[in-house]
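Below: one structure, written as structure tokens.
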Amino acid sequence: MKNTVNIDKMETIIVICGLYNIAFALFHFGFWKMFQWNSELKKLSFANRGIMQILNIQISYYFIFTATICFIFPTELLTTKLGNWFLIGTSIFWLIRTIQQFIFLKANHYKIHILTFIFLIGTILFLLPTLLKH
């Protein structure tokens with residue numbers, strides 16, 4: 001009985017991981033308006049303007065794809081080696097994103113600090129199911 005309850009809790013964490021990634025997809029979809037990309041990206045070269053938008057669309061796809069995997073396959077993510085590697089790899093994705101805050105956004109601004117904290121949450125969320133199952 002204890003193991004079943006534990007598995008249910010970990011599967012719930014995995015679903016929360018999916019919701020976390022959906023939130024980031026929605027956040028990225030808002031970049032055009034939030035950062036005034038219609039006017040700001042015109043200041044970049046044709047190639048850089050295109051690359052920025054392509055990367056943003058692709059990362060949004062990655063977030064939605066990852067969320068979909070979390071929603072459809074929580075048991076498999078928890079009980080298979082491939083699933084565990086997926087969770088660990090996604091945790092490392094968020095860890096690297098956290099580190100990049102300190103490399104590319106060296107500013108003492110509360111919004112940057114909040115995002116850094118939120119990225120750390122992603123690192124922990126995706127790692128938790130693999131740590132708690134043992």
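FYI, nothing fancy with the structure tokens labels: chains A, B, ... in order, residues from 1 per chain, ligands from 1 as they appear.
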
Would you pick out the contacts of region 69-76 of chain A at 8 Å or less, using only C-alpha atoms, so that residues sharing its chain but fewer than 6 positions from it are not included, and give the list as a ChimeraX atom specification?
/A:11,14-15,17-18,83

I'd like the neighbourhood of Ile124 (chain A) as a PyMOL selection string, where a residue qualifies if any of its atoms comes within 12 Å (using only C-alpha atoms), though same-chain residues fewer than 3 positions away should be ignored.
chain A and resi 13-14+16-17+20+87-95+98+117-121+127-132

Near-region 51-66 of chain A list (6 Å; only C-alpha atoms; drop same-chain fewer than 2 positions) as a VMD selection string:
chain A and resid 21 to 22 25 48 to 49 68 to 69
